[in-house]
Structures are given as structure tokens and as C-alpha cells.
>>> print(open('data34.txt').read())   # compact mmCIF, C-alpha atoms
# COMPACT_ATOMS: atom_id res chain seq x y z
CA MET A 1 37.30 -92.96 31.26
CA SER A 2 38.05 -96.29 29.68
CA MET A 3 40.35 -96.55 26.70
CA LEU A 4 39.33 -94.06 24.04
CA LYS A 5 40.12 -95.53 20.64
CA ILE A 6 40.74 -92.95 17.89
CA VAL A 7 41.00 -94.20 14.31
CA VAL A 8 40.94 -92.78 10.80
CA ASP A 9 37.39 -93.39 9.60
CA ASP A 10 36.52 -93.97 5.93
CA LEU A 11 32.97 -92.72 6.64
CA SER A 12 31.36 -95.86 5.24
CA GLY A 13 29.57 -97.07 8.38
CA PRO A 14 25.93 -96.34 9.26
CA GLU A 15 26.78 -95.28 12.82
CA ILE A 16 29.10 -92.44 11.77
CA ALA A 17 26.58 -91.41 9.08
CA SER A 18 23.78 -90.94 11.62
CA PHE A 19 26.18 -89.32 14.13
CA LEU A 20 27.21 -86.71 11.53
CA ASP A 21 23.62 -86.22 10.39
CA GLU A 22 22.70 -85.37 14.02
CA HIS A 23 25.60 -82.90 14.03
CA VAL A 24 24.48 -81.18 10.80
CA GLN A 25 20.83 -81.06 11.99
CA GLN A 26 21.89 -79.60 15.36
CA MET A 27 24.06 -76.95 13.68
CA ARG A 28 21.15 -76.08 11.34
CA SER A 29 18.85 -75.63 14.32
CA LEU A 30 21.31 -73.23 15.99
CA THR A 31 22.82 -71.29 13.11
CA PRO A 32 21.32 -69.38 10.17
CA LEU A 33 21.82 -71.37 6.96
CA GLU A 34 24.28 -68.88 5.45
CA SER A 35 26.45 -69.24 8.57
CA LYS A 36 26.38 -73.05 8.72
CA HIS A 37 29.77 -74.56 7.90
CA ALA A 38 29.25 -78.11 9.21
CA LEU A 39 30.18 -80.60 6.51
CA ASP A 40 27.92 -83.48 5.52
CA LEU A 41 29.16 -86.96 4.65
CA ASP A 42 29.83 -86.29 0.96
CA SER A 43 31.69 -83.07 1.75
CA LEU A 44 33.90 -84.98 4.18
CA ARG A 45 34.79 -87.73 1.68
CA LYS A 46 37.42 -85.61 -0.03
CA PRO A 47 41.12 -86.33 -0.42
CA GLU A 48 42.08 -83.13 1.42
CA ILE A 49 40.16 -84.25 4.52
CA THR A 50 41.33 -86.71 7.17
CA PHE A 51 38.52 -87.81 9.46
CA TRP A 52 38.81 -89.57 12.81
CA SER A 53 36.19 -91.23 14.95
CA ALA A 54 36.57 -91.91 18.66
CA SER A 55 34.95 -94.87 20.34
CA ASP A 56 34.80 -96.02 23.90
CA GLY A 57 33.98 -99.66 24.55
CA GLY A 58 32.86 -100.06 20.95
CA SER A 59 30.45 -97.12 21.12
CA LEU A 60 30.99 -94.02 18.95
CA VAL A 61 31.49 -91.03 21.28
CA GLY A 62 33.15 -88.37 19.13
CA CYS A 63 34.71 -87.33 15.87
CA GLY A 64 36.92 -84.70 14.32
CA ALA A 65 38.64 -83.93 11.05
CA ILE A 66 41.22 -81.74 9.42
CA LYS A 67 41.02 -80.25 5.97
CA ARG A 68 44.25 -79.38 4.17
CA LEU A 69 44.13 -75.73 3.04
CA ASP A 70 47.71 -75.59 1.75
CA SER A 71 51.01 -77.29 2.52
CA GLY A 72 51.40 -75.56 5.86
CA HIS A 73 47.84 -74.79 6.97
CA ALA A 74 44.96 -77.08 7.92
CA GLU A 75 41.47 -76.43 9.23
CA LEU A 76 39.91 -78.31 12.13
CA LYS A 77 36.42 -79.55 11.12
CA SER A 78 33.55 -81.69 12.39
CA MET A 79 34.51 -81.72 16.08
CA ARG A 80 31.60 -83.39 17.86
CA THR A 81 31.09 -85.28 21.09
CA ARG A 82 28.02 -87.44 21.67
CA PRO A 83 25.78 -85.21 23.83
CA ALA A 84 25.62 -87.80 26.63
CA ARG A 85 29.44 -87.75 26.81
CA GLN A 86 30.00 -83.98 26.77
CA ARG A 87 32.27 -82.66 29.54
CA SER A 88 33.77 -86.13 30.02
CA GLY A 89 37.14 -85.43 28.39
CA VAL A 90 36.36 -86.93 24.98
CA ALA A 91 36.81 -83.63 23.09
CA SER A 92 40.09 -82.82 24.87
CA ARG A 93 41.56 -86.25 24.09
CA LEU A 94 40.41 -86.03 20.48
CA LEU A 95 41.71 -82.49 20.01
CA GLU A 96 45.07 -83.40 21.55
CA TYR A 97 45.30 -86.37 19.16
CA ILE A 98 44.33 -84.34 16.07
CA ILE A 99 46.84 -81.57 16.90
CA ALA A 100 49.60 -84.19 17.16
CA GLU A 101 48.50 -85.80 13.87
CA ALA A 102 48.43 -82.41 12.12
CA GLN A 103 51.97 -81.73 13.37
CA GLY A 104 53.02 -85.17 12.12
CA MET A 105 51.58 -84.36 8.68
CA GLY A 106 53.84 -81.31 8.55
CA PHE A 107 51.28 -78.56 9.04
CA ALA A 108 52.58 -75.39 10.73
CA ARG A 109 49.17 -73.92 11.55
CA LEU A 110 45.74 -75.20 12.48
CA SER A 111 42.69 -72.90 12.23
CA LEU A 112 38.98 -73.35 12.87
CA GLU A 113 35.60 -71.73 12.60
CA THR A 114 33.05 -72.19 15.37
CA GLY A 115 29.86 -70.49 16.41
CA ALA A 116 29.82 -67.14 18.18
CA ALA A 117 26.59 -67.89 20.11
CA ALA A 118 26.48 -68.86 23.79
CA PHE A 119 25.83 -72.51 22.85
CA PHE A 120 29.39 -72.68 21.45
CA LEU A 121 31.08 -71.19 24.53
CA PRO A 122 32.27 -74.60 25.86
CA ALA A 123 33.83 -75.29 22.44
CA ARG A 124 35.57 -71.90 22.37
CA ARG A 125 36.87 -72.47 25.92
CA LEU A 126 38.23 -75.88 24.88
CA TYR A 127 40.06 -74.36 21.92
CA GLU A 128 41.44 -71.55 24.09
CA LYS A 129 42.73 -74.15 26.57
CA PHE A 130 44.62 -75.78 23.68
CA GLY A 131 46.30 -72.54 22.65
CA PHE A 132 43.97 -71.36 19.90
CA GLN A 133 43.67 -67.59 19.64
CA TYR A 134 40.99 -65.53 17.96
CA CYS A 135 41.80 -64.37 14.44
CA GLY A 136 40.11 -63.01 11.34
CA PRO A 137 38.43 -65.12 8.67
CA PHE A 138 40.76 -67.49 6.76
CA ALA A 139 40.55 -69.55 3.56
CA ASP A 140 37.15 -68.85 1.92
CA TYR A 141 35.41 -67.54 5.04
CA ARG A 142 33.97 -64.04 5.21
CA PRO A 143 33.38 -61.95 8.33
CA ASP A 144 30.18 -63.24 9.96
CA PRO A 145 28.61 -62.21 13.29
CA ASN A 146 27.63 -65.87 13.81
CA SER A 147 31.21 -67.12 13.45
CA SER A 148 34.29 -67.10 15.63
CA PHE A 149 37.63 -67.82 13.94
CA MET A 150 40.58 -69.22 15.87
CA THR A 151 44.09 -70.34 14.98
CA ARG A 152 47.29 -71.68 16.52
CA ALA A 153 50.80 -72.44 15.37
CA LEU A 154 51.82 -76.10 15.56
>>> encode(input="data34.txt", output="C-alpha cells")
Amino acid sequence: MSMLKIVVDDLSGPEIASFLDEHVQQMRSLTPLESKHALDLDSLRKPEITFWSASDGGSLVGCGAIKRLDSGHAELKSMRTRPARQRSGVASRLLEYIIAEAQGMGFARLSLETGAAAFFLPARRLYEKFGFQYCGPFADYRPDPNSSFMTRAL
């Protein structure tokens, strides 16, 4: 893999807008509406959210974000790898980077919600590899058969 460049993204560019729109559309196609927690552009442009994009050779290949829940707890959001680049290490590099950034921001815990369906198994395996463990719903989430909740101490 060439040099993956990960930067805080202000979400103003057209490329990230269409990349996130693809993400939201894909999640909608896989998940019942009441179980869809993917954030659109406006929902991500909030002060409690830090958003990163990852590019390789100038091409957008992935993104991720964290949302501050309280002073010690953040939620991992919007993890996506361009489909053509899945299983190429982009998500691992991005997740490693975001975990380090969350630690640097002083968070003691990082939690996430992902799908429970087979489609999301590679994502759940990635999170397990990085020390996330299954947990109950957190923040405003409710128990949902379509959701898996995971958390790890930082």
C-alpha cells in the first residue's frame, strides 16, 4: 500500500459528500430504516464530531469519525472503505489512527454500533481484532436485533 494520508476533513468537498451518500444509501439498502444509524453530511457537521478522510495517491479510499458522548466516552462513527479497496488494510490503518487520536483527546472509552447481519461480519471481526468487545446499547441506543454494540477501554 502506498502512503495512506489521513486528515481531519471539514466535509466541504464534493468527493466526500458523494462517498458518504453512497455509504448512507448502502446502509439503507441493508438495514431497516428504524435500525439505520449512519449519519448524513449535516449530522456529521457538528462540534461534537471529528471526521477524518483517508486518501491514497490523492484518491479518497476511506473515512471514519468519532462523536463525543461525554468527557470520557466517544463513539466511533462513519467507518467506510471504498468497496474496491476493502480487505486492503485501509480500515485497519484508519481505525488504528482514530483510536490513537481518541486517546490523545483524553477519551477513556470508545464504543460503536454496527450491523448484526452477515454483511457486517468483516467489520465486527476488524473491531474484535482491535480489542473491541460486545456490550449492551449505550448513549441513546435501544436494544435492536439489527445492531451489534461494541466497546473498548483506551
>>> closest_residue(input="data34.txt", among="A:Ile6, A:Ala116, A:Ile49, A:Leu60", to="A:Phe19", atoms="only C-alpha atoms")
A:Leu60
>>> residues_near_point(input="data34.txt", point="(50.2, -75.7, 11.5)", cutoff="10 Å", atoms="all atoms listed in the file", output="PyMOL selection string")
chain A and resi 71-75+99+102-111+151-154
>>> residues_around(input="data34.txt", residues="A:Val7", least_positions_apart="5", cutoff="12 Å", atoms="all atoms listed in the file", output="PDB file with C-alpha atoms, in the frame of the given file")
ATOM      1  CA  THR A  50      41.330 -86.710   7.170  1.00  0.00           C
ATOM      2  CA  PHE A  51      38.520 -87.810   9.460  1.00  0.00           C
ATOM      3  CA  TRP A  52      38.810 -89.570  12.810  1.00  0.00           C
ATOM      4  CA  SER A  53      36.190 -91.230  14.950  1.00  0.00           C
ATOM      5  CA  ALA A  54      36.570 -91.910  18.660  1.00  0.00           C
ATOM      6  CA  SER A  55      34.950 -94.870  20.340  1.00  0.00           C
ATOM      7  CA  ASP A  56      34.800 -96.020  23.900  1.00  0.00           C
ATOM      8  CA  LEU A  60      30.990 -94.020  18.950  1.00  0.00           C
ATOM      9  CA  GLY A  62      33.150 -88.370  19.130  1.00  0.00           C
ATOM     10  CA  CYS A  63      34.710 -87.330  15.870  1.00  0.00           C
ATOM     11  CA  GLY A  64      36.920 -84.700  14.320  1.00  0.00           C
ATOM     12  CA  ALA A  65      38.640 -83.930  11.050  1.00  0.00           C
ATOM     13  CA  LEU A  94      40.410 -86.030  20.480  1.00  0.00           C
ATOM     14  CA  TYR A  97      45.300 -86.370  19.160  1.00  0.00           C
ATOM     15  CA  ILE A  98      44.330 -84.340  16.070  1.00  0.00           C
ATOM     16  CA  GLU A 101      48.500 -85.800  13.870  1.00  0.00           C
TER      17      GLU A 101
END
>>> atom_distance(input="data34.txt", atom1="atom CA of A:Leu44", atom2="atom CA of A:Gly13")
13.5 Å
>>> residues_around(input="data34.txt", residues="stretch 127-143 of chain A", least_positions_apart="2", cutoff="9 Å", atoms="only C-alpha atoms", output="VMD selection string")
chain A and resid 69 75 92 95 to 96 110 to 113 122 to 125 145 to 153
>>> atom_distance(input="data34.txt", atom1="atom CA of A:Ser59", atom2="atom CA of A:Lys36")
27.4 Å
>>> atom_distance(input="data34.txt", atom1="atom CA of A:Pro83", atom2="atom CA of A:Leu39")
18.5 Å
>>> closest_residue(input="data34.txt", among="A:Val61, A:Asp70, A:Ala17, A:Asp40", to="A:Ser88", atoms="all atoms listed in the file")
A:Val61
>>> build_atoms(input="data34.txt", residues="stretch 19-45 of chain A", atoms="N, CA and C atoms", output="PDB file, in the frame of the given file")
ATOM      1  N   PHE A  19      25.535 -90.231  13.170  1.00  0.00           N
ATOM      2  CA  PHE A  19      26.180 -89.320  14.130  1.00  0.00           C
ATOM      3  C   PHE A  19      26.428 -87.955  13.477  1.00  0.00           C
ATOM      4  N   LEU A  20      26.935 -87.967  12.248  1.00  0.00           N
ATOM      5  CA  LEU A  20      27.210 -86.710  11.530  1.00  0.00           C
ATOM      6  C   LEU A  20      25.920 -86.028  11.104  1.00  0.00           C
ATOM      7  N   ASP A  21      24.900 -86.810  10.763  1.00  0.00           N
ATOM      8  CA  ASP A  21      23.620 -86.220  10.390  1.00  0.00           C
ATOM      9  C   ASP A  21      23.036 -85.469  11.595  1.00  0.00           C
ATOM     10  N   GLU A  22      23.145 -86.053  12.792  1.00  0.00           N
ATOM     11  CA  GLU A  22      22.700 -85.370  14.020  1.00  0.00           C
ATOM     12  C   GLU A  22      23.452 -84.050  14.182  1.00  0.00           C
ATOM     13  N   HIS A  23      24.758 -84.086  13.902  1.00  0.00           N
ATOM     14  CA  HIS A  23      25.600 -82.900  14.030  1.00  0.00           C
ATOM     15  C   HIS A  23      25.110 -81.803  13.072  1.00  0.00           C
ATOM     16  N   VAL A  24      24.909 -82.161  11.809  1.00  0.00           N
ATOM     17  CA  VAL A  24      24.480 -81.180  10.800  1.00  0.00           C
ATOM     18  C   VAL A  24      23.093 -80.627  11.171  1.00  0.00           C
ATOM     19  N   GLN A  25      22.177 -81.510  11.603  1.00  0.00           N
ATOM     20  CA  GLN A  25      20.830 -81.060  11.990  1.00  0.00           C
ATOM     21  C   GLN A  25      20.909 -80.110  13.193  1.00  0.00           C
ATOM     22  N   GLN A  26      21.758 -80.450  14.175  1.00  0.00           N
ATOM     23  CA  GLN A  26      21.890 -79.600  15.360  1.00  0.00           C
ATOM     24  C   GLN A  26      22.450 -78.236  14.965  1.00  0.00           C
ATOM     25  N   MET A  27      23.476 -78.211  14.108  1.00  0.00           N
ATOM     26  CA  MET A  27      24.060 -76.950  13.680  1.00  0.00           C
ATOM     27  C   MET A  27      23.019 -76.116  12.917  1.00  0.00           C
ATOM     28  N   ARG A  28      22.210 -76.785  12.089  1.00  0.00           N
ATOM     29  CA  ARG A  28      21.150 -76.080  11.340  1.00  0.00           C
ATOM     30  C   ARG A  28      20.143 -75.457  12.280  1.00  0.00           C
ATOM     31  N   SER A  29      19.850 -76.145  13.382  1.00  0.00           N
ATOM     32  CA  SER A  29      18.850 -75.630  14.320  1.00  0.00           C
ATOM     33  C   SER A  29      19.376 -74.428  15.092  1.00  0.00           C
ATOM     34  N   LEU A  30      20.697 -74.280  15.167  1.00  0.00           N
ATOM     35  CA  LEU A  30      21.310 -73.230  15.990  1.00  0.00           C
ATOM     36  C   LEU A  30      21.806 -72.051  15.180  1.00  0.00           C
ATOM     37  N   THR A  31      22.074 -72.264  13.903  1.00  0.00           N
ATOM     38  CA  THR A  31      22.820 -71.290  13.110  1.00  0.00           C
ATOM     39  C   THR A  31      22.054 -70.969  11.835  1.00  0.00           C
ATOM     40  N   PRO A  32      21.955 -69.700  11.459  1.00  0.00           N
ATOM     41  CA  PRO A  32      21.320 -69.380  10.170  1.00  0.00           C
ATOM     42  C   PRO A  32      22.041 -70.119   9.035  1.00  0.00           C
ATOM     43  N   LEU A  33      21.284 -70.535   8.039  1.00  0.00           N
ATOM     44  CA  LEU A  33      21.820 -71.370   6.960  1.00  0.00           C
ATOM     45  C   LEU A  33      23.089 -70.795   6.340  1.00  0.00           C
ATOM     46  N   GLU A  34      23.105 -69.475   6.114  1.00  0.00           N
ATOM     47  CA  GLU A  34      24.280 -68.880   5.450  1.00  0.00           C
ATOM     48  C   GLU A  34      25.521 -68.905   6.341  1.00  0.00           C
ATOM     49  N   SER A  35      25.324 -69.187   7.635  1.00  0.00           N
ATOM     50  CA  SER A  35      26.450 -69.240   8.570  1.00  0.00           C
ATOM     51  C   SER A  35      26.806 -70.669   8.969  1.00  0.00           C
ATOM     52  N   LYS A  36      26.137 -71.649   8.360  1.00  0.00           N
ATOM     53  CA  LYS A  36      26.380 -73.050   8.720  1.00  0.00           C
ATOM     54  C   LYS A  36      27.545 -73.599   7.898  1.00  0.00           C
ATOM     55  N   HIS A  37      28.584 -74.042   8.601  1.00  0.00           N
ATOM     56  CA  HIS A  37      29.770 -74.560   7.900  1.00  0.00           C
ATOM     57  C   HIS A  37      30.037 -76.023   8.227  1.00  0.00           C
ATOM     58  N   ALA A  38      29.092 -76.683   8.910  1.00  0.00           N
ATOM     59  CA  ALA A  38      29.250 -78.110   9.210  1.00  0.00           C
ATOM     60  C   ALA A  38      29.203 -78.891   7.899  1.00  0.00           C
ATOM     61  N   LEU A  39      30.107 -79.834   7.751  1.00  0.00           N
ATOM     62  CA  LEU A  39      30.180 -80.600   6.510  1.00  0.00           C
ATOM     63  C   LEU A  39      29.366 -81.882   6.619  1.00  0.00           C
ATOM     64  N   ASP A  40      28.636 -82.205   5.549  1.00  0.00           N
ATOM     65  CA  ASP A  40      27.920 -83.480   5.520  1.00  0.00           C
ATOM     66  C   ASP A  40      28.876 -84.570   5.017  1.00  0.00           C
ATOM     67  N   LEU A  41      28.342 -85.785   4.983  1.00  0.00           N
ATOM     68  CA  LEU A  41      29.160 -86.960   4.650  1.00  0.00           C
ATOM     69  C   LEU A  41      29.908 -86.813   3.330  1.00  0.00           C
ATOM     70  N   ASP A  42      29.186 -86.409   2.273  1.00  0.00           N
ATOM     71  CA  ASP A  42      29.830 -86.290   0.960  1.00  0.00           C
ATOM     72  C   ASP A  42      30.924 -85.242   0.966  1.00  0.00           C
ATOM     73  N   SER A  43      30.683 -84.132   1.682  1.00  0.00           N
ATOM     74  CA  SER A  43      31.690 -83.070   1.750  1.00  0.00           C
ATOM     75  C   SER A  43      32.933 -83.527   2.503  1.00  0.00           C
ATOM     76  N   LEU A  44      32.758 -84.497   3.397  1.00  0.00           N
ATOM     77  CA  LEU A  44      33.900 -84.980   4.180  1.00  0.00           C
ATOM     78  C   LEU A  44      34.700 -86.060   3.443  1.00  0.00           C
ATOM     79  N   ARG A  45      34.093 -86.671   2.417  1.00  0.00           N
ATOM     80  CA  ARG A  45      34.790 -87.730   1.680  1.00  0.00           C
ATOM     81  C   ARG A  45      35.630 -87.135   0.569  1.00  0.00           C
TER      82      ARG A  45
END
